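Undergrad: There's a structure below that I have some questions on.
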Amino acid sequence: MTHQNPSEDLLCGDKRPFWRQKTLDQMSPREWESLCDGCARCCLNKLEDWDTGEIYWTNVACSLLDGHSCRCKDYDNRAATVPDCIQLTPSEVPKLHWLPPTCAYRLVEEGQDLYWWHPLVSGDPDTVHQAGISVQDRTVSEDGMEPEDYEDHLCSWPGEMPDTAD
């Protein structure tokens, strides 16, 4: 049987989507992975002011990020290739205050619903790009760049709510 909306097979028994019924801890691996909207904002390098703890966003992407598809080039082995890659887990999400305001993991943790452009809602993985949520074609790679040069790539949009989000 083919579904018009691929998220239909992730509905729970009472027809509410799983992200409205379950906590992050209660999700199956498939449900957990499907929460990622593919925006890749979390794959951007961030700078932290050691004195204040304030986070500053850059448009410098992890070397494993495909800047057009917004997908990791080696997702299964990313931690071995990029040791400082932060893997999201239900216990880590509440601690990561830098997660973008549009992040589904953050939204579910805070008891909020997903936005219209999230692939689980829209049924289309491209709506995250069409809505201007993703980093698609807006990044530079960290390959060959010295960390002190990241300051030349500061930007605010990854940590902000886009106008098209609503």
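Starting from 1 in every chain, residues are counted up; chains themselves are A, B, ... following the order of the structure tokens, and ligands are numbered from 1 as listed.
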Can you pull out every residue within 12 Å of Gln87 in chain A, counting only C-alpha atoms, but drop anything in the same chain fewer than 4 positions away, and send it as a ChimeraX atom specification?

TA: /A:33,42-43,75-80,82-83,91-93,96

Undergrad: So that each row is one residue of range 46-84 of chain A with an atom at most 12 Å from range 99-116 of chain A, can you give its shortest atom pair and the distance in Å to one decimal, using only C-alpha atoms, rows by chain and rising number, as a Markdown table?

TA:
| residue | atom | partner | partner_atom | distance |
| --- | --- | --- | --- | --- |
| A:Lys46 | CA | A:Leu99 | CA | 10.8 |
| A:Ile55 | CA | A:Leu99 | CA | 10.4 |
| A:Tyr56 | CA | A:Leu99 | CA | 12.0 |
| A:Trp57 | CA | A:Pro100 | CA | 10.2 |

Undergrad: Restricting the output to N, CA and C atoms, write the selected residues as a PDB file, in the first residue's frame.

TA:
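Saved to part27.pdb:
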ATOM      1  N   LYS A  46      30.210  26.609  15.374  1.00  0.00           N
ATOM      2  CA  LYS A  46      29.800  27.689  16.250  1.00  0.00           C
ATOM      3  C   LYS A  46      30.997  28.092  17.110  1.00  0.00           C
ATOM      4  N   ILE A  55      26.971  31.875  22.348  1.00  0.00           N
ATOM      5  CA  ILE A  55      27.280  31.146  21.115  1.00  0.00           C
ATOM      6  C   ILE A  55      27.153  32.098  19.937  1.00  0.00           C
ATOM      7  N   TYR A  56      28.124  32.017  19.038  1.00  0.00           N
ATOM      8  CA  TYR A  56      28.120  32.800  17.807  1.00  0.00           C
ATOM      9  C   TYR A  56      28.124  31.827  16.637  1.00  0.00           C
ATOM     10  N   TRP A  57      27.162  31.988  15.761  1.00  0.00           N
ATOM     11  CA  TRP A  57      27.025  31.103  14.612  1.00  0.00           C
ATOM     12  C   TRP A  57      27.938  31.548  13.474  1.00  0.00           C
TER      13      TRP A  57
END

Undergrad: At a cut-off of 9 Å, can you tabulate as JSON lines every residue of range 21-116 of chain A near range 142-157 of chain A together with its closest atom pair and the distance in Å to one decimal, using only C-alpha atoms and ordering rows by chain then number?

TA:
{"residue": "A:Asn45", "atom": "CA", "partner": "A:Tyr150", "partner_atom": "CA", "distance": 8.1}
{"residue": "A:Lys46", "atom": "CA", "partner": "A:Tyr150", "partner_atom": "CA", "distance": 8.5}
{"residue": "A:Leu47", "atom": "CA", "partner": "A:Tyr150", "partner_atom": "CA", "distance": 8.0}
{"residue": "A:Tyr56", "atom": "CA", "partner": "A:Leu154", "partner_atom": "CA", "distance": 6.9}
{"residue": "A:Trp57", "atom": "CA", "partner": "A:Cys155", "partner_atom": "CA", "distance": 5.6}
{"residue": "A:Thr58", "atom": "CA", "partner": "A:Leu154", "partner_atom": "CA", "distance": 4.3}
{"residue": "A:Asn59", "atom": "CA", "partner": "A:His153", "partner_atom": "CA", "distance": 5.8}
{"residue": "A:Val60", "atom": "CA", "partner": "A:Glu142", "partner_atom": "CA", "distance": 5.7}
{"residue": "A:Ala61", "atom": "CA", "partner": "A:Glu142", "partner_atom": "CA", "distance": 5.8}
{"residue": "A:Cys62", "atom": "CA", "partner": "A:Glu142", "partner_atom": "CA", "distance": 5.9}
{"residue": "A:Ser63", "atom": "CA", "partner": "A:Glu142", "partner_atom": "CA", "distance": 5.6}

Undergrad: Atoms to include: C-alpha atoms. Write the selected residues as a PDB file, in the first residue's frame.

TA:
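Result went into again-v4.pdb, see below:
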ATOM      1  CA  ASN A  45      30.588  25.480  13.319  1.00  0.00           C
ATOM      2  CA  LYS A  46      29.800  27.689  16.250  1.00  0.00           C
ATOM      3  CA  LEU A  47      32.097  29.836  18.362  1.00  0.00           C
ATOM      4  CA  TYR A  56      28.120  32.800  17.807  1.00  0.00           C
ATOM      5  CA  TRP A  57      27.025  31.103  14.612  1.00  0.00           C
ATOM      6  CA  THR A  58      29.114  30.855  11.467  1.00  0.00           C
ATOM      7  CA  ASN A  59      28.298  29.672   7.961  1.00  0.00           C
ATOM      8  CA  VAL A  60      31.318  27.337   8.122  1.00  0.00           C
ATOM      9  CA  ALA A  61      30.094  23.794   7.579  1.00  0.00           C
ATOM     10  CA  CYS A  62      31.552  20.534   8.810  1.00  0.00           C
ATOM     11  CA  SER A  63      33.809  18.923   6.225  1.00  0.00           C
TER      12      SER A  63
END

Undergrad: I need the strand (DSSP E or B) residues of range 10-149 of chain A per DSSP on the backbone, written as a list in words.

TA: Leu11, Pro17, Leu44, Asn45, Lys46, Leu47, Glu48, Ile55, Tyr56, Trp57, Thr58, Asn59, Val60, Ala61, Leu65, Asp66, Arg71, Cys72, Val140 and Ser141 of chain A

Undergrad: Run DSSP on the backbone and grab whatever in chain A lands in alpha helix (DSSP H); send it over as a PyMOL selection string.

TA: chain A and resi 18-21+29-34+78-81+104-109+119-122+127-130

Undergrad: Deliver the residues from the most recent selection as a file, using C-alpha atoms, as an mmCIF file, in the first residue's frame.

TA:
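Written out: out34.cif:
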data_model
loop_
_atom_site.group_PDB
_atom_site.id
_atom_site.type_symbol
_atom_site.label_atom_id
_atom_site.label_comp_id
_atom_site.auth_asym_id
_atom_site.auth_seq_id
_atom_site.Cartn_x
_atom_site.Cartn_y
_atom_site.Cartn_z
ATOM 1 C CA PHE A 18 4.227 10.039 17.378
ATOM 2 C CA TRP A 19 5.992 13.319 18.182
ATOM 3 C CA ARG A 20 2.812 14.562 19.899
ATOM 4 C CA GLN A 21 2.439 11.397 21.977
ATOM 5 C CA PRO A 29 15.258 4.612 16.370
ATOM 6 C CA ARG A 30 13.210 5.094 13.191
ATOM 7 C CA GLU A 31 11.041 7.767 14.800
ATOM 8 C CA TRP A 32 14.098 9.485 16.269
ATOM 9 C CA GLU A 33 15.888 9.658 12.928
ATOM 10 C CA SER A 34 12.761 10.869 11.136
ATOM 11 C CA ARG A 78 30.764 10.670 11.284
ATOM 12 C CA ALA A 79 31.978 10.404 14.878
ATOM 13 C CA ALA A 80 35.103 8.520 13.799
ATOM 14 C CA THR A 81 35.857 11.023 11.041
ATOM 15 C CA ALA A 104 12.408 19.309 15.750
ATOM 16 C CA TYR A 105 14.314 17.694 18.613
ATOM 17 C CA ARG A 106 14.217 20.968 20.515
ATOM 18 C CA LEU A 107 10.561 21.580 19.646
ATOM 19 C CA VAL A 108 9.466 18.134 20.843
ATOM 20 C CA GLU A 109 11.542 18.469 24.020
ATOM 21 C CA PRO A 119 9.002 16.587 6.073
ATOM 22 C CA LEU A 120 6.913 14.609 8.581
ATOM 23 C CA VAL A 121 4.164 17.224 8.286
ATOM 24 C CA SER A 122 4.472 18.199 4.614
ATOM 25 C CA THR A 127 9.901 21.873 1.921
ATOM 26 C CA VAL A 128 12.636 22.517 4.494
ATOM 27 C CA HIS A 129 14.703 24.014 1.651
ATOM 28 C CA GLN A 130 11.774 25.765 -0.040
#

Undergrad: Between A:Asp84, A:Glu160, A:Asp74, A:Asp37, which is the closest to Trp98 in chain A once you count only C-alpha atoms?

TA: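 Using only C-alpha atoms, Trp98 in chain A sits closest to A:Glu160.
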
Undergrad: Grab the CA of Ala131 in chain A to CA of Cys39 in chain A distance for me, in Å with one decimal place.

TA: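 Atom-to-atom, CA of Ala131 in chain A and CA of Cys39 in chain A are spaced 10.4 Å apart.
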